[in-house]
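Undergrad: Have a peek at structure-v1.tsv (TSV, C-alpha atoms and all ligand atoms).
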```tsv
chain	number	residue	atom	x	y	z
J	44	MET	CA	-15.89	21.99	-29.95
J	45	SER	CA	-13.36	24.58	-31.15
J	46	GLY	CA	-9.96	25.72	-29.90
J	47	GLY	CA	-9.21	22.49	-28.04
J	48	ARG	CA	-11.69	23.33	-25.29
J	49	ALA	CA	-12.15	20.57	-22.71
J	50	MET	CA	-15.14	18.38	-23.42
J	51	THR	CA	-18.08	19.17	-21.16
J	52	VAL	CA	-20.56	16.39	-20.59
J	53	GLY	CA	-23.85	16.31	-18.74
J	54	HIS	CA	-27.31	17.62	-19.44
J	55	ALA	CA	-27.96	20.49	-17.07
J	56	PRO	CA	-27.59	23.95	-18.61
J	57	ARG	CA	-24.68	25.93	-17.09
J	58	GLY	CA	-26.10	28.31	-14.50
J	59	ALA	CA	-28.93	26.03	-13.37
J	60	THR	CA	-26.32	23.94	-11.61
J	61	GLY	CA	-22.67	24.58	-11.01
J	62	LEU	CA	-19.81	22.79	-12.63
J	63	VAL	CA	-17.39	20.08	-11.55
J	64	GLN	CA	-13.93	20.08	-13.09
J	65	LEU	CA	-11.82	16.98	-12.42
J	66	VAL	CA	-8.34	18.46	-12.51
J	67	GLY	CA	-5.06	16.54	-12.51
J	68	ALA	CA	-2.58	18.26	-10.19
J	69	GLY	CA	0.51	16.40	-11.46
J	70	PRO	CA	3.01	14.77	-9.11
J	71	GLY	CA	3.04	17.52	-6.48
J	72	ASP	CA	5.16	20.30	-8.00
J	73	LEU	CA	3.37	23.52	-8.92
J	74	GLY	CA	5.52	23.81	-12.06
J	75	LEU	CA	3.97	20.58	-13.33
J	76	LEU	CA	0.36	21.73	-13.01
J	77	THR	CA	-1.09	22.50	-16.46
J	78	VAL	CA	-2.08	26.06	-17.40
J	79	ARG	CA	-5.68	24.89	-17.84
J	80	GLY	CA	-5.60	23.31	-14.39
J	81	LEU	CA	-4.26	26.53	-12.87
J	82	ARG	CA	-7.02	28.58	-14.50
J	83	ALA	CA	-9.64	26.17	-13.19
J	84	ILE	CA	-8.25	26.46	-9.66
J	85	GLU	CA	-8.21	30.25	-9.84
J	86	ALA	CA	-11.83	30.35	-11.01
J	87	ALA	CA	-13.12	27.76	-8.51
J	88	GLU	CA	-15.44	28.50	-5.61
J	89	VAL	CA	-14.71	25.20	-3.87
J	90	ILE	CA	-11.70	22.89	-4.27
J	91	VAL	CA	-12.10	19.29	-3.14
J	92	ALA	CA	-8.49	18.13	-2.84
J	93	ASP	CA	-6.69	14.83	-2.37
J	94	ARG	CA	-3.71	14.70	-0.07
J	95	LEU	CA	-1.11	13.22	-2.41
J	96	GLY	CA	0.11	15.72	-5.00
J	97	ALA	CA	-2.96	17.93	-4.92
J	98	ARG	CA	-2.59	19.51	-1.48
J	99	ALA	CA	1.12	20.22	-2.06
J	100	VAL	CA	0.29	22.09	-5.28
J	101	LEU	CA	-2.31	24.27	-3.51
J	102	ASP	CA	0.16	25.07	-0.72
J	103	GLN	CA	2.84	26.08	-3.25
J	104	LEU	CA	0.33	28.20	-5.16
J	105	GLU	CA	-0.66	30.09	-2.01
J	106	VAL	CA	3.00	30.71	-1.18
J	107	GLU	CA	3.62	32.01	-4.70
J	108	ARG	CA	0.57	34.32	-4.58
J	109	GLY	CA	1.44	35.46	-1.07
J	110	CYS	CA	-2.21	35.06	-0.01
J	111	PRO	CA	-4.81	32.30	0.32
J	112	LEU	CA	-6.81	31.18	-2.71
J	113	ASP	CA	-10.31	32.62	-3.09
J	114	ALA	CA	-11.86	29.14	-3.10
J	115	GLU	CA	-12.90	27.20	-0.02
J	116	ILE	CA	-10.63	24.13	0.22
J	117	VAL	CA	-12.06	20.81	1.37
J	118	ASP	CA	-9.33	18.28	2.14
J	119	VAL	CA	-10.67	14.77	1.53
J	120	GLY	CA	-7.33	12.96	1.69
J	121	LYS	CA	-5.78	11.08	4.56
J	122	ARG	CA	-4.09	13.40	7.05
J	123	PRO	CA	-2.30	12.59	10.29
J	124	GLY	CA	-5.07	11.82	12.76
J	125	HIS	CA	-7.81	11.90	10.09
J	126	HIS	CA	-9.15	9.21	7.78
J	127	ALA	CA	-9.66	9.92	4.11
J	128	VAL	CA	-13.27	10.69	3.13
J	129	PRO	CA	-14.63	7.51	1.46
J	130	GLN	CA	-15.19	7.61	-2.30
J	131	GLU	CA	-19.02	7.65	-2.01
J	132	GLY	CA	-18.74	10.60	0.35
J	133	ILE	CA	-16.56	12.50	-2.13
J	134	ILE	CA	-18.98	11.85	-4.97
J	135	ALA	CA	-21.95	12.92	-2.86
J	136	LEU	CA	-20.13	16.12	-1.91
J	137	LEU	CA	-19.26	16.99	-5.54
J	138	VAL	CA	-22.84	16.47	-6.66
J	139	GLU	CA	-24.30	18.38	-3.72
J	140	LEU	CA	-21.99	21.37	-4.27
J	141	ALA	CA	-22.64	21.47	-8.02
J	142	LEU	CA	-26.42	21.18	-7.59
J	143	ALA	CA	-26.21	24.12	-5.20
J	144	GLY	CA	-24.76	26.11	-8.11
J	145	ARG	CA	-21.10	26.10	-7.02
J	146	ARG	CA	-18.14	25.95	-9.36
J	147	VAL	CA	-16.11	23.02	-8.04
J	148	VAL	CA	-12.61	21.78	-8.79
J	149	ARG	CA	-11.96	18.19	-7.80
J	150	LEU	CA	-8.15	18.27	-7.55
J	151	LYS	CA	-6.52	14.86	-7.87
J	152	GLY	CA	-2.86	13.79	-7.82
J	153	GLY	CA	-1.24	13.05	-11.18
J	154	ASP	CA	-3.85	12.44	-13.88
J	155	PRO	CA	-7.50	11.82	-12.89
J	156	TYR	CA	-7.79	8.83	-15.23
J	157	VAL	CA	-4.63	6.95	-14.17
J	158	PHE	CA	-5.57	4.85	-11.13
J	159	GLY	CA	-7.39	7.95	-9.93
J	160	ARG	CA	-11.06	6.91	-10.05
J	161	GLY	CA	-11.70	9.91	-12.29
J	162	GLY	CA	-13.95	7.86	-14.55
J	163	GLU	CA	-16.20	6.97	-11.61
J	164	GLU	CA	-16.49	10.57	-10.46
J	165	LEU	CA	-17.26	11.72	-14.00
J	166	ALA	CA	-19.96	9.06	-14.42
J	167	ALA	CA	-21.56	9.90	-11.06
J	168	CYS	CA	-21.71	13.62	-11.89
J	169	ARG	CA	-23.22	12.90	-15.29
J	170	ALA	CA	-25.79	10.57	-13.73
J	171	ALA	CA	-26.80	13.36	-11.35
J	172	GLY	CA	-27.20	15.79	-14.27
J	173	VAL	CA	-24.20	17.86	-13.27
J	174	ASP	CA	-21.92	19.54	-15.84
J	175	VAL	CA	-18.51	17.93	-15.57
J	176	GLU	CA	-15.24	18.20	-17.44
J	177	VAL	CA	-11.78	16.67	-17.15
J	178	VAL	CA	-8.52	18.60	-17.16
J	179	PRO	CA	-5.76	16.02	-17.62
J	180	GLY	CA	-2.69	16.12	-15.41
J	181	ILE	CA	0.87	14.89	-15.64
J	182	THR	CA	0.80	11.39	-14.26
J	183	SER	CA	3.37	10.26	-11.69
J	184	ALA	CA	3.82	7.14	-13.83
J	185	VAL	CA	5.85	9.18	-16.31
J	186	SER	CA	7.00	12.24	-14.37
J	187	VAL	CA	8.38	10.54	-11.26
J	188	PRO	CA	10.72	8.23	-13.26
J	189	ALA	CA	11.76	11.36	-15.21
J	190	VAL	CA	12.92	13.13	-12.05
J	191	ALA	CA	15.30	10.19	-11.54
J	192	GLY	CA	16.56	10.52	-15.12
J	193	ILE	CA	14.59	7.52	-16.40
J	194	PRO	CA	12.74	7.76	-19.74
J	195	LEU	CA	10.17	4.98	-20.14
J	196	THR	CA	11.19	4.33	-23.74
J	197	HIS	CA	14.64	4.76	-25.25
J	198	ARG	CA	16.02	3.75	-28.61
J	199	GLY	CA	17.94	0.50	-28.14
J	200	LEU	CA	16.62	-0.15	-24.61
J	201	ALA	CA	12.80	-0.07	-24.53
J	202	THR	CA	10.03	0.30	-27.06
J	203	ALA	CA	6.95	-0.09	-24.85
J	204	PHE	CA	5.79	0.46	-21.31
J	205	THR	CA	2.98	-0.75	-19.09
J	206	VAL	CA	1.60	1.01	-16.03
J	207	ALA	CA	0.15	-1.36	-13.43
J	208	THR	CA	-0.32	-1.57	-9.69
J	209	GLY	CA	1.32	-4.01	-7.34
J	210	HIS	CA	-2.07	-5.69	-7.09
J	211	ASP	CA	-2.48	-6.27	-10.83
J	212	GLN	CA	-2.01	-9.61	-12.49
J	213	ILE	CA	1.53	-8.77	-13.54
J	214	ALA	CA	2.27	-12.48	-13.89
J	215	GLU	CA	0.41	-12.33	-17.20
J	216	LEU	CA	2.28	-9.28	-18.43
J	217	GLY	CA	4.91	-11.02	-20.58
J	218	GLY	CA	7.67	-9.12	-22.36
J	219	GLY	CA	11.32	-8.63	-21.48
J	220	ARG	CA	13.52	-5.83	-20.21
J	221	ASP	CA	12.78	-3.79	-23.32
J	222	HIS	CA	9.17	-3.57	-22.13
J	223	THR	CA	9.30	-1.18	-19.16
J	224	VAL	CA	6.94	-1.88	-16.25
J	225	VAL	CA	5.87	1.01	-14.01
J	226	LEU	CA	4.21	0.06	-10.74
J	227	LEU	CA	2.08	2.55	-8.81
J	228	MET	CA	1.03	1.78	-5.22
J	229	GLY	CA	3.67	-0.95	-5.39
J	230	VAL	CA	5.63	-0.60	-2.14
J	231	GLY	CA	3.61	-3.02	0.03
J	232	THR	CA	3.63	-5.70	-2.66
J	233	LEU	CA	7.18	-5.09	-3.91
J	234	ALA	CA	8.70	-8.44	-2.88
J	235	ASN	CA	5.86	-10.32	-4.54
J	236	SER	CA	5.94	-8.25	-7.71
J	237	ALA	CA	9.72	-8.57	-8.03
J	238	THR	CA	9.57	-12.36	-7.69
J	239	THR	CA	6.75	-12.59	-10.23
J	240	LEU	CA	8.49	-10.37	-12.80
J	241	ALA	CA	11.85	-12.13	-12.31
J	242	ARG	CA	10.23	-15.47	-13.17
J	243	GLY	CA	9.16	-14.20	-16.60
J	244	GLY	CA	11.30	-12.94	-19.49
J	245	ARG	CA	13.02	-10.25	-17.42
J	246	GLY	CA	15.13	-12.40	-15.09
J	247	ALA	CA	16.45	-11.71	-11.60
J	248	ASP	CA	19.20	-9.35	-12.82
J	249	CYS	CA	16.75	-7.00	-14.56
J	250	PRO	CA	17.31	-3.42	-13.26
J	251	VAL	CA	14.73	-1.82	-10.94
J	252	ALA	CA	14.39	1.70	-9.56
J	253	ILE	CA	12.20	2.93	-6.73
J	254	VAL	CA	11.56	6.66	-6.67
J	255	GLU	CA	10.00	7.81	-3.39
J	256	ASP	CA	8.18	11.11	-2.96
J	257	GLY	CA	9.06	12.40	-6.43
J	258	TYR	CA	9.45	16.23	-6.47
J	259	GLY	CA	8.83	16.28	-2.69
J	260	PRO	CA	11.12	16.93	0.26
J	261	GLY	CA	11.61	13.19	0.78
J	262	GLN	CA	12.61	12.40	-2.81
J	263	ARG	CA	14.97	9.43	-2.87
J	264	VAL	CA	16.04	6.92	-5.51
J	265	THR	CA	16.97	3.30	-4.83
J	266	ILE	CA	18.34	1.18	-7.66
J	267	GLY	CA	18.95	-2.56	-7.75
J	268	THR	CA	17.69	-5.60	-9.62
J	269	LEU	CA	14.58	-7.75	-9.39
J	270	GLY	CA	16.66	-10.16	-7.32
J	271	THR	CA	17.91	-7.57	-4.80
J	272	ILE	CA	15.36	-4.76	-4.65
J	273	ALA	CA	13.06	-6.13	-1.92
J	274	VAL	CA	15.95	-6.48	0.53
J	275	GLN	CA	17.35	-3.06	-0.44
J	276	ALA	CA	13.92	-1.48	0.08
J	277	ALA	CA	13.55	-3.09	3.49
J	278	LEU	CA	17.04	-2.00	4.58
J	279	ARG	CA	16.45	1.60	3.46
J	280	GLY	CA	12.93	1.75	4.87
J	281	VAL	CA	11.36	2.63	1.50
J	282	ARG	CA	7.89	4.13	1.94
J	283	SER	CA	4.87	5.12	-0.08
J	284	PRO	CA	4.32	7.16	-2.20
J	285	ALA	CA	6.77	5.66	-4.61
J	286	VAL	CA	6.95	4.68	-8.25
J	287	VAL	CA	8.74	1.44	-9.16
J	288	VAL	CA	10.32	1.17	-12.61
J	289	VAL	CA	11.44	-2.19	-13.98
J	290	GLY	CA	13.49	-2.63	-17.16
J	291	ASP	CA	16.69	-1.70	-18.95
J	292	VAL	CA	15.79	2.02	-19.06
J	293	VAL	CA	16.71	2.16	-15.34
J	294	ARG	CA	20.35	1.90	-16.48
J	295	LEU	CA	20.10	5.43	-17.89
J	296	SER	CA	19.54	6.97	-14.46
J	297	PRO	CA	22.44	9.00	-13.06
J	298	TYR	CA	21.68	7.18	-9.79
J	299	ALA	CA	22.44	3.77	-11.35
J	300	PRO	CA	25.53	2.08	-9.87
J	301	ALA	CA	28.51	1.75	-12.25
J	302	GLU	CA	27.89	-1.95	-12.91
J	303	LEU	CA	24.41	-1.19	-14.30
J	304	ALA	CA	24.87	2.23	-15.88
J	305	VAL	CA	24.97	2.82	-19.63
J	306	ASP	CA	25.45	5.93	-21.77
J	307	GLY	CA	22.06	6.64	-23.34
J	308	TYR	CA	23.49	8.49	-26.32
J	309	ALA	CA	25.91	5.69	-27.16
J	310	VAL	CA	23.19	3.03	-26.82
J	311	ALA	CA	20.86	4.90	-29.16
J	312	ALA	CA	23.58	5.58	-31.72
J	313	ALA	CA	24.75	1.95	-31.70
J	314	HIS	CA	21.18	0.74	-32.13
J	315	ASP	CA	20.39	2.95	-35.13
J	316	PRO	CA	23.35	4.75	-36.72
J	317	PHE	CA	21.00	6.65	-39.04
J	318	ALA	CA	19.01	8.14	-36.19
J	319	LEU	CA	21.78	10.00	-34.36
J	320	HIS	CA	24.92	11.57	-35.71
J	321	GLY	CA	27.93	13.28	-34.18
J	322	THR	CA	27.99	13.98	-30.47
J	323	PRO	CA	25.52	15.86	-28.27
J	324	ASP	CA	27.88	18.87	-28.45
J	325	ASP	CA	28.45	18.65	-32.17
J	326	PRO	CA	25.41	17.18	-33.93
J	327	VAL	CA	25.41	16.88	-37.70
J	328	ALA	CA	22.41	16.59	-39.99
J	329	PRO	CA	21.32	13.07	-41.00
J	330	PRO	CA	22.44	12.07	-44.50
J	331	ALA	CA	19.95	12.08	-47.36
J	332	GLY	CA	17.85	8.95	-47.33
J	333	ALA	CA	18.16	8.38	-43.59
J	334	PRO	CA	14.89	7.57	-41.82
J	335	SER	CA	13.20	10.76	-40.62
J	336	GLU	CA	11.21	9.28	-37.70
J	337	LYS	CA	13.25	9.72	-34.52
J	338	GLY	CA	10.77	8.62	-31.89
J	339	SER	CA	11.36	6.30	-28.95
C	401	LIG	C1	-3.86	6.20	-6.26
C	401	LIG	S1	-2.45	6.27	-7.26
C	401	LIG	C2	-2.83	7.75	-8.14
C	401	LIG	C3	-1.98	7.99	-9.36
C	401	LIG	C4	-2.23	9.34	-10.02
C	401	LIG	N1	-3.57	9.43	-10.54
C	401	LIG	C5	-1.24	9.65	-11.12
C	401	LIG	O1	-1.60	9.73	-12.30
C	401	LIG	O2	-0.06	9.84	-10.78
C	401	LIG	C6	-1.24	6.81	-6.09
C	401	LIG	C7	0.17	6.31	-6.43
C	401	LIG	O3	0.79	7.18	-7.36
C	401	LIG	C8	2.18	7.20	-7.14
C	401	LIG	N2	2.59	8.60	-6.87
C	401	LIG	C9	1.82	9.69	-7.02
C	401	LIG	N3	2.53	10.82	-6.78
C	401	LIG	C10	3.78	10.41	-6.48
C	401	LIG	C11	4.98	11.10	-6.14
C	401	LIG	N4	5.04	12.43	-6.08
C	401	LIG	N5	6.10	10.37	-5.89
C	401	LIG	C12	6.06	9.02	-5.96
C	401	LIG	N6	4.95	8.33	-6.27
C	401	LIG	C13	3.83	9.01	-6.54
C	401	LIG	C14	2.46	6.28	-5.98
C	401	LIG	O4	2.73	4.99	-6.52
C	401	LIG	C15	1.13	6.29	-5.27
C	401	LIG	O5	0.97	5.14	-4.46
```
Please re-express this file's structure in structure tokens.

TA:
Amino acid sequence: MSGGRAMTVGHAPRGATGLVQLVGAGPGDLGLLTVRGLRAIEAAEVIVADRLGARAVLDQLEVERGCPLDAEIVDVGKRPGHHAVPQEGIIALLVELALAGRRVVRLKGGDPYVFGRGGEELAACRAAGVDVEVVPGITSAVSVPAVAGIPLTHRGLATAFTVATGHDQIAELGGGRDHTVVLLMGVGTLANSATTLARGGRGADCPVAIVEDGYGPGQRVTIGTLGTIAVQAALRGVRSPAVVVVGDVVRLSPYAPAELAVDGYAVAAAHDPFALHGTPDDPVAPPAGAPSEKGS
């Protein structure tokens, strides 16, 4: 496969059947859709879209173009007054459309493979002999913390991160505050998750951020600790969709209260004097012999 083309799997020759592209829409901001995803949407005959993230991106695209997209849009997400189409129904629809020769984009929030059931949809298309490819998207697990000024790793604060759901066995996660935990679908189980994580190496005063509706009109950031966050969330009426971030990196957010906040540049420089030099306004080159790797 040359030129970094997306891998196409399946056995049917193109033309005999259509094509399904599982496209990640990112967190819901058109600017965070990939170029490859945009091209797929523009070439599609039918777009089967989720509500969260995906629908917002299509709406923004139509506003930017000043006219509707050429493709027929099938909304399979939950809408006020409508239930979401069940997963088997979505898979059956994708296969049916592709076998009828249509070029289909299955537009999913974030990245199709991060708690997105993309692997199941890919497998079902392959099993039905349908050409299918994946166009990765920018997952909310990384981009939604970023909109609140929270990097998941930072020199001197965190060297690893785990993405889980509120339903996962986070009790077995281990690690301390330098191991960031990102919870998706974690609002309903927040009190439980906070208690569980506080019992381990992180402790009740470990910082926590909740970022609701990242990049959307309802974007809001709530910051506290594992010991306080459930009460804060209840008082503020925190709602889904939201990403929960647990760990010392939360202290880098401009939304962090003064008693939690730290200066990210100073922390990194104190941790590794060879890695950073001067000030952000007046950087100087590292001395000869200093380590050249500057990651995390
Ligand atoms: C079923 S998971 C899908 C995750 C998606 N595949 C991804 O990579 O972002 C849905 C969860 O993603 C998170 N989420 C997605 N978009 C979000 C956004 N714009 N703001 C806050 N949370 C978001 C929420 O935790 C939500 O409950």

Undergrad: Residues within 6 Å of ligand LIG 401 (chain C) (only C-alpha atoms and all ligand atoms), as a list in words?

TA: Pro70, Gly71, Gly96, Gly152, Gly153, Asp154, Pro155, Val157, Phe158, Gly159, Thr182, Ser183, Ala184, Val187, Leu227, Met228, Glu255, Asp256, Gly257, Tyr258, Ser283, Pro284, Ala285 and Val286 of chain J

Undergrad: Could you tell me which of J:Gln262, J:Asp72, J:Val225, J:Lys151 comes closest to Pro194 of chain J if we count only C-alpha atoms?

TA: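 Closest to Pro194 of chain J, using only C-alpha atoms: J:Val225.
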
Undergrad: For each of J:Gly192, J:Gly243, J:Gly259, J:Gly144, take the minimum atom-to-atom distance to Val293 of chain J, counting all atoms listed in the file, then give the residue where this is smallest.

TA: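 Checking each candidate against Val293 of chain J, we get J:Gly192 as the closest.
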
Undergrad: Near His314 of chain J, within 9 Å and counting all atoms listed in the file, which residues show up once chain neighbours fewer than 4 positions away are dropped, as a PDB file with C-alpha atoms, in the coordinates of the input?

TA:
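That gives us part_16.pdb:
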```pdb
ATOM      1  CA  ARG J 198      16.020   3.750 -28.610  1.00  0.00           C
ATOM      2  CA  GLY J 199      17.940   0.500 -28.140  1.00  0.00           C
ATOM      3  CA  LEU J 200      16.620  -0.150 -24.610  1.00  0.00           C
ATOM      4  CA  ALA J 309      25.910   5.690 -27.160  1.00  0.00           C
ATOM      5  CA  VAL J 310      23.190   3.030 -26.820  1.00  0.00           C
ATOM      6  CA  ALA J 318      19.010   8.140 -36.190  1.00  0.00           C
TER       7      ALA J 318
END
```

Undergrad: What's the 10 Å shell around segment 103-105 of chain J, counting all atoms listed in the file, without same-chain residues fewer than 3 positions away, as JSON, numbers by chain?

TA: {"J": [71, 72, 73, 74, 81, 84, 85, 98, 99, 100, 108, 109, 110, 111, 112]}

Undergrad: May I ask which of the residues J:Leu295, J:Val138, J:Ala143, J:Val224 is the closest one to Leu269 of chain J, counting all atoms listed in the file?

TA: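 Looking only at the distances to Leu269 of chain J, the closest residue turns out to be J:Val224.
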
Undergrad: With distances taken over only C-alpha atoms, which of J:Thr196, J:Gln64, J:Thr205, J:Ser186 is nearest to Val147 of chain J?

TA: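 The closest residue to Val147 of chain J is J:Gln64.
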
Undergrad: Would you mind reading off the distance between atom CA of Ala97 of chain J and atom CA of Leu150 of chain J, one decimal, in Å?

TA: 5.8 Å

Undergrad: Kindly give the distance, in Å, that separates atom CA of Ala247 of chain J and atom CA of Thr271 of chain J, rounded to a single decimal.

TA: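 Computing the Euclidean distance for atom CA of Ala247 of chain J and atom CA of Thr271 of chain J yields 8.1 Å.
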
Undergrad: For the atom pair atom CA of Pro179 of chain J and atom CA of Val91 of chain J, what is the interatomic distance in Å to one decimal place?

TA: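 Distance reported for this atom pair: 16.1 Å.
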
Undergrad: Which residue gives the smallest distance to Ala276 of chain J among J:Leu216, J:Leu233, J:Ile181, J:Ala312, with all atoms listed in the file counted?

TA: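 Counting all atoms listed in the file, the residue closest to Ala276 of chain J is J:Leu233.
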
Undergrad: Which residue out of J:His210, J:Leu278, J:Val148, J:Thr238 has the minimum interatomic distance to Arg82 of chain J when only C-alpha atoms are used?

TA: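 Closest to Arg82 of chain J, using only C-alpha atoms: J:Val148.
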